[in-house]
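my_file27.csv follows (CSV, C-alpha atoms):
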```csv
chain,number,residue,atom,x,y,z
Q,622,MET,CA,166.7,134.0,125.9
Q,623,LYS,CA,163.0,133.3,126.7
Q,624,ILE,CA,161.8,136.0,129.1
Q,625,ALA,CA,158.4,136.3,130.8
Q,626,VAL,CA,157.4,139.9,131.7
Q,627,ILE,CA,154.8,140.1,134.4
Q,628,GLY,CA,153.0,143.5,134.4
Q,629,ALA,CA,153.7,144.1,130.7
Q,630,ALA,CA,151.0,146.8,130.5
Q,631,GLY,CA,152.7,149.1,132.9
Q,632,MET,CA,155.1,151.9,132.4
Q,633,VAL,CA,158.2,149.8,133.1
Q,634,GLY,CA,156.9,146.4,132.0
Q,635,SER,CA,155.9,147.7,128.5
Q,636,ARG,CA,159.4,149.2,128.0
Q,637,VAL,CA,161.1,146.0,129.3
Q,638,THR,CA,159.1,144.1,126.8
Q,639,SER,CA,160.1,146.4,123.9
Q,640,GLU,CA,163.8,146.5,124.9
Q,641,ALA,CA,163.9,142.7,125.2
Q,642,ALA,CA,162.2,142.3,121.8
Q,643,GLU,CA,164.6,144.8,120.2
Q,644,ARG,CA,167.5,142.7,121.5
Q,645,GLY,CA,166.1,139.6,119.8
Q,646,HIS,CA,164.8,137.8,122.9
Q,647,ASP,CA,161.7,135.6,122.8
Q,648,VAL,CA,159.2,137.5,125.1
Q,649,THR,CA,156.0,136.4,126.8
Q,650,ALA,CA,154.2,139.5,127.9
Q,651,VAL,CA,151.7,138.8,130.7
Q,652,PHE,CA,148.7,141.1,131.1
Q,653,ARG,CA,146.3,141.3,133.9
Q,654,GLY,CA,143.7,143.0,131.7
Q,655,GLU,CA,143.0,143.3,128.0
Q,656,VAL,CA,145.8,142.3,125.7
Q,657,PRO,CA,146.9,145.1,123.3
Q,658,ALA,CA,146.0,144.7,119.6
Q,659,SER,CA,149.6,145.2,118.5
Q,660,LEU,CA,152.8,144.1,120.1
Q,661,PRO,CA,156.5,144.3,119.0
Q,662,GLY,CA,157.8,141.4,116.9
Q,663,GLY,CA,159.0,138.5,118.9
Q,664,VAL,CA,156.4,139.1,121.6
Q,665,SER,CA,153.6,136.8,122.5
Q,666,ALA,CA,150.8,138.0,124.8
Q,667,VAL,CA,148.9,136.0,127.5
Q,668,ARG,CA,146.4,136.8,130.2
Q,669,GLY,CA,147.3,136.1,133.8
Q,670,ASN,CA,147.1,137.3,137.3
Q,671,ALA,CA,150.4,137.6,139.2
Q,672,THR,CA,148.8,136.1,142.3
Q,673,ASP,CA,147.7,132.9,140.5
Q,674,ARG,CA,150.6,130.7,141.4
Q,675,ASP,CA,149.5,127.7,139.2
Q,676,ARG,CA,149.1,129.9,136.2
Q,677,MET,CA,152.4,131.6,136.7
Q,678,SER,CA,154.2,128.3,137.2
Q,679,LYS,CA,152.9,127.1,133.9
Q,680,LEU,CA,154.1,130.3,132.2
Q,681,PHE,CA,157.5,130.1,133.8
Q,682,THR,CA,158.2,126.5,132.8
Q,683,GLU,CA,159.5,127.5,129.4
Q,684,ALA,CA,161.2,130.7,130.5
Q,685,ASP,CA,164.9,131.3,131.1
Q,686,ALA,CA,164.2,134.4,133.2
Q,687,ILE,CA,161.3,136.4,134.6
Q,688,VAL,CA,160.8,140.1,135.1
Q,689,ALA,CA,158.3,141.1,137.7
Q,690,ALA,CA,157.2,144.6,136.9
Q,691,THR,CA,153.9,144.6,138.8
Q,692,ARG,CA,152.5,147.7,140.6
Q,693,PRO,CA,149.4,147.8,142.8
Q,694,ARG,CA,146.4,150.0,142.1
Q,695,PRO,CA,146.1,152.9,144.4
Q,696,GLY,CA,144.7,151.8,147.7
Q,697,LEU,CA,146.0,148.2,147.3
Q,698,GLU,CA,149.6,148.8,148.3
Q,699,GLY,CA,149.2,146.3,151.1
Q,700,THR,CA,148.9,143.5,148.6
Q,701,VAL,CA,152.5,144.0,147.4
Q,702,PRO,CA,154.2,141.4,149.7
Q,703,ALA,CA,151.6,138.7,148.8
Q,704,THR,CA,151.9,139.4,145.1
Q,705,ILE,CA,155.7,139.1,145.0
Q,706,THR,CA,155.6,136.0,147.2
Q,707,ALA,CA,153.2,134.3,144.8
Q,708,LEU,CA,155.6,135.1,141.9
Q,709,LEU,CA,158.6,133.9,143.9
Q,710,ASP,CA,156.8,130.7,144.8
Q,711,ALA,CA,156.2,130.0,141.1
Q,712,ALA,CA,159.8,130.9,140.2
Q,713,VAL,CA,161.3,128.6,142.8
Q,714,GLU,CA,159.0,125.8,141.6
Q,715,THR,CA,160.3,126.1,138.1
Q,716,ARG,CA,163.8,127.1,139.1
Q,717,THR,CA,163.7,130.2,137.1
Q,718,ARG,CA,165.6,133.4,137.8
Q,719,ILE,CA,163.5,136.5,138.5
Q,720,VAL,CA,164.3,140.1,138.4
Q,721,VAL,CA,162.0,142.2,140.6
Q,722,ILE,CA,161.6,145.8,139.7
Q,723,GLY,CA,160.7,147.4,143.0
Q,724,GLY,CA,161.0,150.8,144.5
Q,725,ALA,CA,163.5,153.3,145.9
Q,726,GLY,CA,162.1,153.1,149.4
Q,727,PRO,CA,164.5,150.4,150.7
Q,728,LEU,CA,167.7,152.2,149.5
Q,729,ARG,CA,170.0,154.1,151.8
Q,730,THR,CA,170.0,157.9,151.8
Q,731,PRO,CA,173.3,159.3,150.4
Q,732,GLY,CA,175.5,160.4,153.2
Q,733,ARG,CA,173.1,159.0,155.8
Q,734,PRO,CA,173.5,155.2,155.7
Q,735,GLY,CA,171.3,154.7,158.7
Q,736,GLN,CA,168.3,156.3,157.0
Q,737,LEU,CA,166.2,154.6,154.3
Q,738,VAL,CA,164.9,156.7,151.4
Q,739,VAL,CA,161.3,155.8,152.5
Q,740,ASP,CA,161.9,157.9,155.6
Q,741,ASN,CA,163.5,160.9,153.8
Q,742,PRO,CA,161.0,163.5,152.7
Q,743,ASP,CA,163.6,165.1,150.5
Q,744,TYR,CA,163.1,162.1,148.1
Q,745,VAL,CA,159.7,160.7,149.1
Q,746,ALA,CA,156.8,163.2,149.3
Q,747,PRO,CA,154.0,162.4,151.8
Q,748,GLU,CA,151.7,161.3,149.0
Q,749,TRP,CA,154.2,158.7,147.8
Q,750,ARG,CA,155.2,157.3,151.2
Q,751,VAL,CA,152.6,154.5,151.2
Q,752,ILE,CA,153.9,153.0,147.9
Q,753,ALA,CA,157.5,153.6,149.1
Q,754,ALA,CA,156.8,151.7,152.3
Q,755,ALA,CA,155.3,148.9,150.2
Q,756,SER,CA,158.5,148.5,148.3
Q,757,VAL,CA,160.4,148.0,151.6
Q,758,ALA,CA,158.0,145.2,152.5
Q,759,GLN,CA,158.4,143.8,149.0
Q,760,LEU,CA,162.2,143.6,149.4
Q,761,ASP,CA,161.7,142.0,152.9
Q,762,ALA,CA,159.5,139.3,151.3
Q,763,CYS,CA,162.2,138.6,148.7
Q,764,ARG,CA,164.9,138.3,151.4
Q,765,GLU,CA,162.8,135.7,153.2
Q,766,HIS,CA,162.3,133.6,150.0
Q,767,PRO,CA,164.6,130.9,148.6
Q,768,ALA,CA,164.0,131.8,144.9
Q,769,ASP,CA,166.8,132.9,142.7
Q,770,TRP,CA,165.9,136.6,142.7
Q,771,VAL,CA,167.5,140.0,142.2
Q,772,TYR,CA,165.9,143.3,143.3
Q,773,LEU,CA,166.3,146.4,141.2
Q,774,SER,CA,165.5,149.7,143.0
Q,775,PRO,CA,164.9,152.6,140.6
Q,776,PRO,CA,166.0,156.1,141.6
Q,777,ALA,CA,163.6,158.5,143.4
Q,778,VAL,CA,162.1,159.8,140.1
Q,779,LEU,CA,161.2,157.2,137.4
Q,780,GLU,CA,159.1,158.5,134.5
Q,781,PRO,CA,158.7,158.1,130.7
Q,782,GLY,CA,161.4,159.7,128.7
Q,783,HIS,CA,164.0,158.9,126.1
Q,784,ARG,CA,166.3,155.9,125.7
Q,785,THR,CA,169.9,157.1,125.9
Q,786,GLY,CA,171.3,153.6,126.6
Q,787,THR,CA,173.5,155.0,129.4
Q,788,TYR,CA,173.1,154.9,133.1
Q,789,ARG,CA,175.1,154.5,136.3
Q,790,ARG,CA,174.8,151.3,138.4
Q,791,GLY,CA,175.1,151.5,142.2
Q,792,GLY,CA,174.6,149.2,145.2
Q,793,THR,CA,172.0,149.8,147.9
Q,794,THR,CA,172.4,153.6,148.3
Q,795,LEU,CA,170.3,156.0,146.2
Q,796,LEU,CA,172.2,157.4,143.3
Q,797,THR,CA,172.1,161.2,142.7
Q,798,ASP,CA,173.6,163.4,140.0
Q,799,ALA,CA,175.8,166.5,140.5
Q,800,GLU,CA,172.7,168.6,141.3
Q,801,GLY,CA,171.4,166.1,143.8
Q,802,ALA,CA,168.6,164.8,141.6
Q,803,SER,CA,167.9,161.1,141.5
Q,804,ARG,CA,166.2,160.0,138.3
Q,805,ILE,CA,166.1,157.8,135.2
Q,806,SER,CA,163.7,157.3,132.3
Q,807,ALA,CA,161.7,154.2,132.2
Q,808,GLU,CA,163.3,153.4,128.9
Q,809,ASP,CA,166.8,153.4,130.4
Q,810,LEU,CA,165.7,151.4,133.4
Q,811,ALA,CA,164.6,148.8,130.9
Q,812,VAL,CA,168.1,148.9,129.4
Q,813,ALA,CA,169.5,148.2,132.9
Q,814,VAL,CA,167.1,145.3,133.4
Q,815,LEU,CA,168.1,143.6,130.1
Q,816,ASP,CA,171.8,144.2,130.8
Q,817,GLU,CA,171.3,142.4,134.2
Q,818,LEU,CA,169.5,139.5,132.5
Q,819,GLU,CA,172.1,139.1,129.9
Q,820,ASN,CA,175.1,139.6,132.2
Q,821,PRO,CA,174.2,138.9,135.8
Q,822,ARG,CA,176.4,140.6,138.4
Q,823,GLY,CA,175.5,138.3,141.3
Q,824,GLU,CA,174.1,141.1,143.5
Q,825,GLU,CA,170.8,140.6,145.3
Q,826,HIS,CA,169.9,144.3,145.4
Q,827,PHE,CA,171.1,147.2,143.2
Q,828,THR,CA,170.0,150.5,141.9
Q,829,VAL,CA,170.6,152.6,138.8
Q,830,GLY,CA,170.4,156.3,137.9
Q,831,TYR,CA,171.8,159.0,135.8
```

Since I need it in another form, could you write the structure as structure tokens?
Amino acid sequence: MKIAVIGAAGMVGSRVTSEAAERGHDVTAVFRGEVPASLPGGVSAVRGNATDRDRMSKLFTEADAIVAATRPRPGLEGTVPATITALLDAAVETRTRIVVIGGAGPLRTPGRPGQLVVDNPDYVAPEWRVIAAASVAQLDACREHPADWVYLSPPAVLEPGHRTGTYRRGGTTLLTDAEGASRISAEDLAVAVLDELENPRGEEHFTVGY
């Protein structure tokens, strides 16, 4: 499969790039800034801004699937809807499927289906609420778009760790473990992304966790 990863320099995008290469896919890693000196085998690197629709359309022409792993710089959270809309515009123009790696904000709180995670301080600390709210707006932008998209919400805690190759998959409610924690490593989130690309489930919005 030919996969374009937008945001390949980030915590998630870099791990999706590596996971895809390890599985033998042909990966185009798109970087907003400088391109790394070394990349995994099977990965080609290009420069590009996610908001440049014409540039993205050209990159997507040869892709079988797109992974959008962009994340705004602090203070620019309000740009999230416009960024994802530009990527979706390019994806619909080239008729390419796109997996959007978003946030946990739009998920439902376990046991409280009427409350979104963004509004639950048990999972979203005050300092994280702005980016969580941006993920809600991001999903809303996807829902309003005709592109062939799927939105993956990570659990409440997503951080670098180890690849176990195992995870649980859920729907639109936050997943927690027996102790009430909601987390996954970026490495295992990448596993879930590639599993979805290789074997689509047909769901518009889903989450994963341990």

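Nearest to Q:Ala684 of all the residues Q:Leu796, Q:Val814, Q:Asn741, Q:Arg716 is Q:Arg716, counting all atoms listed in the file.
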
Nearest-residue call for Q:Pro781, choices Q:Leu737, Q:Leu760, Q:Ala811, Q:Val656, using only C-alpha atoms: Q:Ala811

Tell me, as a compact mmCIF listing (two decimals) with C-alpha atoms, in the frame of the given file, which residues lie within 7 Å of Q:Val771, counting all atoms listed in the file; anything in the same chain fewer than 6 positions away does not count.
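Dumped to around_7.txt:
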```txt
# COMPACT_ATOMS: atom_id res chain seq x y z
CA ILE Q 719 163.50 136.50 138.50
CA VAL Q 720 164.30 140.10 138.40
CA VAL Q 721 162.00 142.20 140.60
CA GLU Q 824 174.10 141.10 143.50
CA GLU Q 825 170.80 140.60 145.30
CA HIS Q 826 169.90 144.30 145.40
```

Find the residues near Q:His766: any atom within 12 Å, counting all atoms listed in the file, skip ones fewer than 2 places away on the same chain, and give them as a ChimeraX atom specification. /Q:702-703,705-714,719,759-764,768-771,825

Contact residues around Q:Glu698 with all atoms listed in the file at 8 Å, ignoring same-chain residues under 3 positions, as a VMD selection string: chain Q and resid 693 to 695 701 751 to 752 755

Once you have the residues from the selection above, write them out as an mmCIF file, in the frame of the given file, restricted to C-alpha atoms.
```cif
data_model
loop_
_atom_site.group_PDB
_atom_site.id
_atom_site.type_symbol
_atom_site.label_atom_id
_atom_site.label_comp_id
_atom_site.auth_asym_id
_atom_site.auth_seq_id
_atom_site.Cartn_x
_atom_site.Cartn_y
_atom_site.Cartn_z
ATOM 1 C CA PRO Q 693 149.400 147.800 142.800
ATOM 2 C CA ARG Q 694 146.400 150.000 142.100
ATOM 3 C CA PRO Q 695 146.100 152.900 144.400
ATOM 4 C CA VAL Q 701 152.500 144.000 147.400
ATOM 5 C CA VAL Q 751 152.600 154.500 151.200
ATOM 6 C CA ILE Q 752 153.900 153.000 147.900
ATOM 7 C CA ALA Q 755 155.300 148.900 150.200
#
```

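With only C-alpha atoms as the basis for measurement, Q:Glu780 is the residue among Q:Glu780, Q:Ser678, Q:Asp673, Q:Gly645 that approaches Q:Gly631 most closely.
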
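The space between atom CA of Q:Leu660 and atom CA of Q:Val633 spans 15.2 Å.
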
Find, counting only C-alpha atoms, the residue in Q:Phe681, Q:Phe652, Q:Tyr831, Q:Trp749 that gets nearest to Q:Leu795. Q:Tyr831

Report the distance between atom CA of Q:Gly830 and atom CA of Q:Gly662 in Å, rounded to one decimal place. 28.7 Å

Exercise: Q:Gly792 partners within 10 Å, all atoms listed in the file, chain neighbours under 5 positions left out, as a PyMOL selection string: chain Q and resi 728-729+773-774+824-829

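Atom CA of Q:Leu810 sits 23.7 Å away from atom CA of Q:Asn670.
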
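If you measure from each of Q:Pro775, Q:Thr715, Q:Val745, Q:Ile722 to Q:Asp675 using only C-alpha atoms, the closest one turns out to be Q:Thr715.
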
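The nearest approach to Q:Glu655 among the residues Q:Gly791, Q:Gly669, Q:Gly801, Q:Gly724, with only C-alpha atoms taken into account, belongs to Q:Gly669.
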
Taking 2 positions as the minimum chain separation for residues in the same chain, which residues sit within 10 Å of Q:Asp740 when counting only C-alpha atoms? Answer as number ranges by chain. Q: 726-727, 729-730, 736-738, 742-747, 750, 753-754

Take stretch 674-695 of chain Q, bring it up to N, CA, C and O atoms, and give me the output as a PDB file, keeping the file's coordinate frame.
```pdb
ATOM      1  N   ARG Q 674     149.374 131.404 141.396  1.00  0.00           N
ATOM      2  CA  ARG Q 674     150.600 130.700 141.400  1.00  0.00           C
ATOM      3  C   ARG Q 674     150.648 129.555 140.321  1.00  0.00           C
ATOM      4  O   ARG Q 674     151.643 129.376 139.616  1.00  0.00           O
ATOM      5  N   ASP Q 675     149.562 128.808 140.202  1.00  0.00           N
ATOM      6  CA  ASP Q 675     149.500 127.700 139.200  1.00  0.00           C
ATOM      7  C   ASP Q 675     149.666 128.245 137.800  1.00  0.00           C
ATOM      8  O   ASP Q 675     150.413 127.680 136.985  1.00  0.00           O
ATOM      9  N   ARG Q 676     148.977 129.332 137.513  1.00  0.00           N
ATOM     10  CA  ARG Q 676     149.100 129.900 136.200  1.00  0.00           C
ATOM     11  C   ARG Q 676     150.477 130.430 135.913  1.00  0.00           C
ATOM     12  O   ARG Q 676     151.036 130.221 134.826  1.00  0.00           O
ATOM     13  N   MET Q 677     151.081 131.090 136.902  1.00  0.00           N
ATOM     14  CA  MET Q 677     152.400 131.600 136.700  1.00  0.00           C
ATOM     15  C   MET Q 677     153.434 130.473 136.561  1.00  0.00           C
ATOM     16  O   MET Q 677     154.355 130.551 135.740  1.00  0.00           O
ATOM     17  N   SER Q 678     153.270 129.400 137.320  1.00  0.00           N
ATOM     18  CA  SER Q 678     154.200 128.300 137.200  1.00  0.00           C
ATOM     19  C   SER Q 678     154.177 127.679 135.801  1.00  0.00           C
ATOM     20  O   SER Q 678     155.229 127.338 135.233  1.00  0.00           O
ATOM     21  N   LYS Q 679     152.992 127.583 135.217  1.00  0.00           N
ATOM     22  CA  LYS Q 679     152.900 127.100 133.900  1.00  0.00           C
ATOM     23  C   LYS Q 679     153.590 127.990 132.857  1.00  0.00           C
ATOM     24  O   LYS Q 679     154.272 127.531 131.935  1.00  0.00           O
ATOM     25  N   LEU Q 680     153.424 129.296 133.068  1.00  0.00           N
ATOM     26  CA  LEU Q 680     154.100 130.300 132.200  1.00  0.00           C
ATOM     27  C   LEU Q 680     155.585 130.243 132.320  1.00  0.00           C
ATOM     28  O   LEU Q 680     156.316 130.440 131.356  1.00  0.00           O
ATOM     29  N   PHE Q 681     156.055 130.018 133.546  1.00  0.00           N
ATOM     30  CA  PHE Q 681     157.500 130.100 133.800  1.00  0.00           C
ATOM     31  C   PHE Q 681     158.229 128.829 133.393  1.00  0.00           C
ATOM     32  O   PHE Q 681     159.462 128.838 133.305  1.00  0.00           O
ATOM     33  N   THR Q 682     157.504 127.749 133.145  1.00  0.00           N
ATOM     34  CA  THR Q 682     158.200 126.500 132.800  1.00  0.00           C
ATOM     35  C   THR Q 682     159.095 126.582 131.642  1.00  0.00           C
ATOM     36  O   THR Q 682     160.188 126.003 131.631  1.00  0.00           O
ATOM     37  N   GLU Q 683     158.686 127.362 130.635  1.00  0.00           N
ATOM     38  CA  GLU Q 683     159.500 127.500 129.400  1.00  0.00           C
ATOM     39  C   GLU Q 683     160.397 128.713 129.429  1.00  0.00           C
ATOM     40  O   GLU Q 683     161.114 128.954 128.453  1.00  0.00           O
ATOM     41  N   ALA Q 684     160.374 129.492 130.497  1.00  0.00           N
ATOM     42  CA  ALA Q 684     161.200 130.700 130.500  1.00  0.00           C
ATOM     43  C   ALA Q 684     162.553 130.524 131.084  1.00  0.00           C
ATOM     44  O   ALA Q 684     162.769 129.704 131.975  1.00  0.00           O
ATOM     45  N   ASP Q 685     163.490 131.289 130.538  1.00  0.00           N
ATOM     46  CA  ASP Q 685     164.900 131.300 131.100  1.00  0.00           C
ATOM     47  C   ASP Q 685     164.977 132.349 132.187  1.00  0.00           C
ATOM     48  O   ASP Q 685     165.862 132.259 133.038  1.00  0.00           O
ATOM     49  N   ALA Q 686     164.121 133.364 132.157  1.00  0.00           N
ATOM     50  CA  ALA Q 686     164.200 134.400 133.200  1.00  0.00           C
ATOM     51  C   ALA Q 686     162.795 135.090 133.231  1.00  0.00           C
ATOM     52  O   ALA Q 686     162.023 135.072 132.277  1.00  0.00           O
ATOM     53  N   ILE Q 687     162.538 135.696 134.386  1.00  0.00           N
ATOM     54  CA  ILE Q 687     161.300 136.400 134.600  1.00  0.00           C
ATOM     55  C   ILE Q 687     161.580 137.817 135.044  1.00  0.00           C
ATOM     56  O   ILE Q 687     162.540 138.073 135.778  1.00  0.00           O
ATOM     57  N   VAL Q 688     160.758 138.745 134.577  1.00  0.00           N
ATOM     58  CA  VAL Q 688     160.800 140.100 135.100  1.00  0.00           C
ATOM     59  C   VAL Q 688     159.498 140.439 135.723  1.00  0.00           C
ATOM     60  O   VAL Q 688     158.449 140.375 135.077  1.00  0.00           O
ATOM     61  N   ALA Q 689     159.538 140.760 137.009  1.00  0.00           N
ATOM     62  CA  ALA Q 689     158.300 141.100 137.700  1.00  0.00           C
ATOM     63  C   ALA Q 689     158.238 142.637 137.792  1.00  0.00           C
ATOM     64  O   ALA Q 689     158.999 143.300 138.503  1.00  0.00           O
ATOM     65  N   ALA Q 690     157.315 143.193 137.020  1.00  0.00           N
ATOM     66  CA  ALA Q 690     157.200 144.600 136.900  1.00  0.00           C
ATOM     67  C   ALA Q 690     155.742 145.035 137.367  1.00  0.00           C
ATOM     68  O   ALA Q 690     155.135 145.949 136.808  1.00  0.00           O
ATOM     69  N   THR Q 691     155.222 144.329 138.350  1.00  0.00           N
ATOM     70  CA  THR Q 691     153.900 144.600 138.800  1.00  0.00           C
ATOM     71  C   THR Q 691     153.836 145.840 139.702  1.00  0.00           C
ATOM     72  O   THR Q 691     154.817 146.179 140.354  1.00  0.00           O
ATOM     73  N   ARG Q 692     152.692 146.490 139.715  1.00  0.00           N
ATOM     74  CA  ARG Q 692     152.500 147.700 140.600  1.00  0.00           C
ATOM     75  C   ARG Q 692     151.024 147.661 141.011  1.00  0.00           C
ATOM     76  O   ARG Q 692     150.134 147.479 140.178  1.00  0.00           O
ATOM     77  N   PRO Q 693     150.760 147.849 142.302  1.00  0.00           N
ATOM     78  CA  PRO Q 693     149.400 147.800 142.800  1.00  0.00           C
ATOM     79  C   PRO Q 693     148.567 149.005 142.370  1.00  0.00           C
ATOM     80  O   PRO Q 693     149.113 150.083 142.161  1.00  0.00           O
ATOM     81  N   ARG Q 694     147.275 148.820 142.272  1.00  0.00           N
ATOM     82  CA  ARG Q 694     146.400 150.000 142.100  1.00  0.00           C
ATOM     83  C   ARG Q 694     146.381 150.810 143.344  1.00  0.00           C
ATOM     84  O   ARG Q 694     146.624 150.298 144.445  1.00  0.00           O
ATOM     85  N   PRO Q 695     146.126 152.095 143.226  1.00  0.00           N
ATOM     86  CA  PRO Q 695     146.100 152.900 144.400  1.00  0.00           C
ATOM     87  C   PRO Q 695     145.082 152.379 145.447  1.00  0.00           C
ATOM     88  O   PRO Q 695     143.976 151.962 145.103  1.00  0.00           O
TER      89      PRO Q 695
END
```
